[in-house]
2 protein chains.
Amino acid sequence: MSNTKTPWLRTVSLPPPSLQNNIADAERLVSTLKAVLQTNDAIYIDLKVLKKLPDLLRKSDFKIQCILFKNRRQWSVLDIRAANDLRPVAGLAVDLGTSRVMLRLLNLADGQILAESGFDNPQLTVGPDILTRIHFTETGGGLAELNNLIIGGLNHAIEDLCRSNRIEPEDIHALAVAGNTAMTHLFLGLNPRWMIREPYIPVVNKPEILKAAELGLQVNPAAGIFIFPNIGSYFGGDLIAGILYAGLCTASDTSILVDVGTNAEVVVGNESWLIACAGAAGPALEGGVTRMGMMAQPGVIDKIAINPHTREFDLHTIEDKPPGGICGSGVIDLAAQLFLAGMIDIRGKLVPVNCGKRLREIEGLKHLVVVPAAQSATGFDLTVSQADLDSLIRSKAAMYTILETITMSVGILLKELTIFYVAGTFGAFIDPRSAITIGMLPDLPLDCYKPLGNSSLGGATLALTSAESLAQIDRIRNRITYLELNVNQEFMNRFSAAKFIPHTDMSLFPSVSVRPQDK
Amino acid sequence: MSNTKTPWLRTVSLPPPSLQNNIADAERLVSTLKAVLQTNDAIYIDLKVLKKLPDLLRKSDFKIQCILFKNRRQWSVLDIRAANDLRPVAGLAVDLGTSRVMLRLLNLADGQILAESGFDNPQLTVGPDILTRIHFTETGGGLAELNNLIIGGLNHAIEDLCRSNRIEPEDIHALAVAGNTAMTHLFLGLNPRWMIREPYIPVVNKPEILKAAELGLQVNPAAGIFIFPNIGSYFGGDLIAGILYAGLCTASDTSILVDVGTNAEVVVGNESWLIACAGAAGPALEGGVTRMGMMAQPGVIDKIAINPHTREFDLHTIEDKPPGGICGSGVIDLAAQLFLAGMIDIRGKLVPVNCGKRLREIEGLKHLVVVPAAQSATGFDLTVSQADLDSLIRSKAAMYTILETITMSVGILLKELTIFYVAGTFGAFIDPRSAITIGMLPDLPLDCYKPLGNSSLGGATLALTSAESLAQIDRIRNRITYLELNVNQEFMNRFSAAKFIPHTDMSLFPSVSVRPQDK
């Protein structure tokens with residue numbers, strides 16, 4: 001990320017051979033590199049590189065550039081070239097999302113970001129969620145089709161990214177790929193069917209470094225492909241990348257990382273320990289937390305203020321376009337503001353007397369008009385129903401319960417957390433004040449909340465720009481304790497208590513002032 | 001070689017996964033294999049194997065066969081299959097000779113030899129010797145052509161060998177290849193041109209384990225290809241294989257290994273040290289030792305006895321066919337018998353008075369008729385000229401001088417050697433008594449001389465049938481001290497002394513009785 005030297009591009013001068021020093025070219029290069037890298041690790045030179053080596057050394061006066069990469073056990077010399085060769089040496093960080101895939105092109109020499117792009121996961125044509133796709137792999141040719149879709153999508157995006165940045169795909173020498181366990185399997189062409197059946201077994205936890213050519217990726221065929229390891233079927237490499245990016249594992253204070261994407265995933269820890277939980281915590285979360293991560297796009301309402309006295313709405317839309325919908329952060333703002341204005345009660349139920357003419361009854365269900373037809377981009381009323389609000393209450397209660405459960409499991413209180421990282425789109429747009437108001441997030445000082453952005457892409461970037469980060473990844477993976485979220489009576493009791501705004505136990509939310517009439 | 005279990009085929013039972021033991025399939029296999037192999041080395045599983053793994057495990061009740069191989073740093077799972085799969089698991093030992101390539105098909109499960117075959121190196125069409133071939137690589141496409149010739153020749157021979165032994169090329173899962181440094185380079189497609197120019201640098205000393213597919217070998221594409229390391233341009237993997245096969249490096253007594261093929265190579269040592277020298281020791285050896293390794297074939301004279309009283313010749317030819325030529329061992333026998341019969345003197349010069357009517361003068365040069373035209377297969381006199389005999393004297397003197405030089409360099413006497421291994425065709429056919437008589441080999445008790453046969457093929461066989469042998473190879477390579485044979489005044493003095501039959505210093509050859517008139 002920063003403009004520091006990465007370990008991947010090295011210009012080395014080899015001592016020229018003589019009758020007294022007549023080891024082979026390959027061993028001469030290895031011994032020079034070991035000294036330069038100050039390592040005793042093995043250094044592997046590919047046959048294709050060996051084929052170039054003798055003539056290049058003698059044409060270049062034994063001074064050459066080496067493009068290197070490292071796996072767990074050894075360094076590899078991916079390519080060699082003349083010391084004065086100025087072609088770029090690029091790397092590509094990839095966030096392999098279920099819905100969207102993000103690419104970041106990097107200069108491997110200095111770690112600088114050259115460009116970014118993203119595309120909708122082409123597997124969406126097969127199914128929006130991972131479960132549908134895994135079932136699809138059980139049809140004839142389904143796995144190959146899903147693999148082709150993602151590899152093809154990546155190749156297309158890589159071609160575009162290279163063209164607009166005037167580099168050749170051949171100049172990309174390393175990739176770091178972070179995805180959930182299922183996406184990683186589909187990317188590798190590995191059968192994911194046993195991941196969704198008890199006892200939920202992936203094919204591989206720690207994939208080896210592969211070569212681009214093995215995967216059909218159209219970059220340099222010898223490019224090294226680092227794939228983030230997973231902990232199990234429900235805890236993937238994307239979250240390991242997030243932990244790396246947040247630096248959770250190197251801080252002495254205990255902090256927390258929450259990633260709300262297709263799944264809700266939570267990690268708590270510090271330099272000594274890490275505990276994580278993830279996935280659907282039983283029926284309580286179904287259609288809950290997972291529904292709020294709607295894509296923000298122009299015209300979508302992302303901020304709402306309601307004057308508690310006049311109950312007038314002040315909306316903000318992305319790019320100030322006429323309002324056409326509401327995104328996750330907008331829904332949370334809305335609920336917080338409705339609550340503070342007395343328009344919903346502590347159970348999240350619409351209060352007719354306070355909603356006034358914004359209240360509609362449609363097919364027997366109460367709706368609140370957020371934007372009347374005349375002002376909306378669609379020409380129809382933009383509404384939220386009581387069912388939407390009930391769903392939000394379940395979501396926020398589930399989230400709070402998960403946070404409470406994981407911290408209690410290690411004997412700390414939520415208020416003891418020093419930094420609260422919120423990853424993903426959710427983290428980028430959410431107003432922590434609103435999330436606290438509805439009791440979704442704990443009542444920490446606002447400056448504890450840090451949006452992380454795309455932490456998976458951030459982690460993948462680190463893997464490509466710092467050997468130290470790359471080495472940390474397995475340490476993170478091996479140190480995490482994975483907490484199974486059992487939806488038992490205790491969990492359900494906590495969940496029930498969290499289904500109020502902000503919570504049954506008001507003392508947990510001292511900063512939330514509740515209108516007297518709602519107490 | 002013996003019918004013992006090799007480490008390459010293992011049937012393992014994995015503990016079935018459960019909610020309590022939910023590591024991925026790959027990591028489950030690795031941890032089981034580590035226990036079975038009693039190793040802490042890394043175990044690598046290829047992507048193609050990972051693709052098969054989950055379904056195979058569940059179809060086979062978690063009991064499978066693994067086909068394994070090992071390189072310097074890690075084990076590899078080359079393939080997996082059902083525990084009851086009875087297809088053969090074969091390996092191929094290859095002696096990559098400059099003139100002839102020998103193959104030995106092995107059962108990798110028990111190390112048994114299934115079959116052998118050989119073919120003339122197809123690179124002979126480019127040139128009979130390595131030097132011509134290396135110069136040919138400097139022409140456009142020359143390296144690729146030589147590489148294609150040897151790979152094509154191997155594929156053809158492998159196809160034949162498989163067909164006649166009713167196995168599929170896909171059933172060959174590992175190769176061990178021993179060749180001189182130049183042949184190894186041509187086999188790998190590596191540029192050998194710097195090997196023949198001072199300071200004589202090969203591209204690589206210790207090639208990595210490669211995959212068959214990388215080299216275009218038509219066996220199982222994932223087959224592991226082990227290539228014997230070399231010490232330098234003039235000391236190749238074939239000789240390392242020979243040292244392994246002779247067990248030179250594991251014996252407490254000091255023994256010697258002599259390999260006379262295209263080059264003359266000598267190794268002396270024991271479990272504590274190894275010293276070697278090889279190649280053309282300057283002009284003294286040119287056309288000398290290297291000329292004697294003629295191919296033995298039917299009709300070629302391989303044994304000669306001359307009655308010292310009647311001077312009648314008693315010839316033996318291979319397969320008792322009419323005599324058509326004379327091979328290396330025959331020439332040595334001839335010289336020894338001529339000397340004992342007084343027909344050549346201690347300088348190797350024909351003694352006209354004792355040669356009688358067998359002596360001819362052709363173009364001013366003395367010739368001895370070994371087989372008169374009437375008895376020869378060709379219808380012409382079969383003769384040896386004084387020039388041939390002079391050349392033999394230089395050869396034998398060079399050989400003895402090399403043996404003397406290498407042993408003196410480590411402060412031992414030739415007579416202190418306990419075993420004298422003679423490798424190759426030369427070793428198989430030579431009569432040590434005759435070689436001692438002419439002073440080519442030292443005057444050791446005859447039972448010290450052990451013909452080794454094709455020691456290069458023997459070593460390659462060991463590499464495929466014993467993990468212990470495989471591990472020894474690098475130890476041998478790293479322990480050898482390579483002695484440069486400087487043709488200095490001291491060498492030339494020794495060489496001059498050795499140009500007599502058996503030697504100027506008769507006390508070195510107490511077993512050779514010299515006719516009084518020749519003293």
# chains A, B, ... in the order shown; residues from 1 in each chain; ligands from 1
call {"tool": "interface_residues", "arguments": {"of": "chain B", "to": "chain A", "cutoff": "7 Å", "atoms": "only C-alpha atoms", "output": "PyMOL selection string"}}
result
chain B and resi 17-19+22-27+50-51+54+190-191+199+201-205+232
call {"tool": "write_last_selection", "arguments": {"atoms": "N, CA, C and O atoms", "output": "mmCIF file, in the first residue's frame"}}
result
data_model
loop_
_atom_site.group_PDB
_atom_site.id
_atom_site.type_symbol
_atom_site.label_atom_id
_atom_site.label_comp_id
_atom_site.auth_asym_id
_atom_site.auth_seq_id
_atom_site.Cartn_x
_atom_site.Cartn_y
_atom_site.Cartn_z
ATOM 1 N N PRO B 17 -14.597 -37.714 8.873
ATOM 2 C CA PRO B 17 -14.854 -36.408 9.492
ATOM 3 C C PRO B 17 -16.090 -36.430 10.391
ATOM 4 O O PRO B 17 -16.981 -37.254 10.215
ATOM 5 N N SER B 18 -16.089 -35.533 11.342
ATOM 6 C CA SER B 18 -17.244 -35.380 12.223
ATOM 7 C C SER B 18 -17.310 -33.906 12.600
ATOM 8 O O SER B 18 -16.406 -33.141 12.257
ATOM 9 N N LEU B 19 -18.356 -33.540 13.310
ATOM 10 C CA LEU B 19 -18.458 -32.133 13.725
ATOM 11 C C LEU B 19 -17.289 -31.760 14.628
ATOM 12 O O LEU B 19 -16.870 -30.617 14.681
ATOM 13 N N ASN B 22 -13.416 -31.621 11.936
ATOM 14 C CA ASN B 22 -13.951 -31.152 10.652
ATOM 15 C C ASN B 22 -12.907 -30.449 9.780
ATOM 16 O O ASN B 22 -13.240 -29.546 9.020
ATOM 17 N N ILE B 23 -11.645 -30.861 9.896
ATOM 18 C CA ILE B 23 -10.656 -30.290 8.975
ATOM 19 C C ILE B 23 -10.970 -30.775 7.560
ATOM 20 O O ILE B 23 -11.684 -31.759 7.371
ATOM 21 N N ALA B 24 -10.408 -30.060 6.600
ATOM 22 C CA ALA B 24 -10.708 -30.353 5.200
ATOM 23 C C ALA B 24 -10.114 -31.693 4.792
ATOM 24 O O ALA B 24 -9.230 -32.248 5.453
ATOM 25 N N ASP B 25 -10.615 -32.204 3.672
ATOM 26 C CA ASP B 25 -10.148 -33.491 3.160
ATOM 27 C C ASP B 25 -8.637 -33.495 2.935
ATOM 28 O O ASP B 25 -7.954 -34.463 3.293
ATOM 29 N N ALA B 26 -8.118 -32.440 2.338
ATOM 30 C CA ALA B 26 -6.691 -32.400 2.007
ATOM 31 C C ALA B 26 -5.851 -32.469 3.276
ATOM 32 O O ALA B 26 -4.894 -33.242 3.366
ATOM 33 N N GLU B 27 -6.199 -31.671 4.272
ATOM 34 C CA GLU B 27 -5.438 -31.639 5.509
ATOM 35 C C GLU B 27 -5.601 -32.957 6.272
ATOM 36 O O GLU B 27 -4.675 -33.404 6.967
ATOM 37 N N LEU B 50 -6.474 -32.944 -5.784
ATOM 38 C CA LEU B 50 -7.520 -32.334 -4.945
ATOM 39 C C LEU B 50 -8.890 -32.458 -5.607
ATOM 40 O O LEU B 50 -9.897 -32.619 -4.932
ATOM 41 N N LYS B 51 -8.907 -32.358 -6.936
ATOM 42 C CA LYS B 51 -10.190 -32.414 -7.642
ATOM 43 C C LYS B 51 -10.857 -33.783 -7.487
ATOM 44 O O LYS B 51 -12.069 -33.882 -7.460
ATOM 45 N N PRO B 54 -12.405 -35.428 -2.750
ATOM 46 C CA PRO B 54 -13.604 -35.571 -1.904
ATOM 47 C C PRO B 54 -14.500 -36.743 -2.301
ATOM 48 O O PRO B 54 -14.946 -37.498 -1.435
ATOM 49 N N LEU B 190 17.953 -27.533 -21.859
ATOM 50 C CA LEU B 190 18.760 -26.423 -21.334
ATOM 51 C C LEU B 190 19.996 -26.229 -22.198
ATOM 52 O O LEU B 190 20.638 -27.198 -22.621
ATOM 53 N N ASN B 191 20.317 -24.990 -22.407
ATOM 54 C CA ASN B 191 21.434 -24.588 -23.253
ATOM 55 C C ASN B 191 22.780 -25.058 -22.671
ATOM 56 O O ASN B 191 23.202 -24.585 -21.613
ATOM 57 N N PRO B 199 34.918 -20.883 -18.031
ATOM 58 C CA PRO B 199 35.255 -21.909 -17.013
ATOM 59 C C PRO B 199 34.268 -23.083 -16.915
ATOM 60 O O PRO B 199 34.130 -23.642 -15.846
ATOM 61 N N ILE B 201 30.714 -23.924 -17.371
ATOM 62 C CA ILE B 201 29.611 -23.798 -16.408
ATOM 63 C C ILE B 201 28.319 -24.423 -16.939
ATOM 64 O O ILE B 201 27.800 -24.019 -17.976
ATOM 65 N N PRO B 202 27.771 -25.408 -16.242
ATOM 66 C CA PRO B 202 26.448 -25.920 -16.617
ATOM 67 C C PRO B 202 25.354 -24.915 -16.205
ATOM 68 O O PRO B 202 25.631 -23.993 -15.434
ATOM 69 N N VAL B 203 24.154 -25.106 -16.737
ATOM 70 C CA VAL B 203 23.037 -24.252 -16.319
ATOM 71 C C VAL B 203 22.622 -24.607 -14.898
ATOM 72 O O VAL B 203 22.305 -23.737 -14.098
ATOM 73 N N VAL B 204 22.622 -25.898 -14.604
ATOM 74 C CA VAL B 204 22.107 -26.323 -13.304
ATOM 75 C C VAL B 204 22.900 -27.529 -12.811
ATOM 76 O O VAL B 204 23.329 -28.367 -13.602
ATOM 77 N N ASN B 205 23.138 -27.572 -11.502
ATOM 78 C CA ASN B 205 23.802 -28.729 -10.889
ATOM 79 C C ASN B 205 22.795 -29.717 -10.300
ATOM 80 O O ASN B 205 22.988 -30.912 -10.370
ATOM 81 N N GLY B 232 29.573 -30.952 -12.149
ATOM 82 C CA GLY B 232 30.067 -29.937 -13.060
ATOM 83 C C GLY B 232 29.929 -30.463 -14.461
ATOM 84 O O GLY B 232 29.348 -31.527 -14.687
#
call {"tool": "select_by_dssp", "arguments": {"residues": "range 332-383 of chain A", "states": "strand (DSSP E or B)", "output": "list in words"}}
result
Ile344, Leu350, Leu359, Arg360, Glu361, Ile362, Leu365, Lys366, His367, Leu368, Val369, Val370, Val371, Leu382 and Thr383 of chain A
call {"tool": "residues_around", "arguments": {"residues": "range 351-368 of chain B", "least_positions_apart": "3", "cutoff": "8 Å", "atoms": "only C-alpha atoms", "output": "count of residues only"}}
result
9
call {"tool": "residues_around", "arguments": {"residues": "Arg311 in chain B", "least_positions_apart": "4", "cutoff": "7 Å", "atoms": "only C-alpha atoms", "output": "list in words"}}
result
Ile306, Asn307 and Ala341 of chain B
call {"tool": "residues_around", "arguments": {"residues": "Thr461 in chain A", "least_positions_apart": "5", "cutoff": "8 Å", "atoms": "only C-alpha atoms", "output": "MDAnalysis selection string"}}
result
chainID A and resid 1 92:93 104 106 176
call {"tool": "atom_distance", "arguments": {"atom1": "CA of Gly179 in chain B", "atom2": "CA of Asp95 in chain B"}}
result
6.0 Å
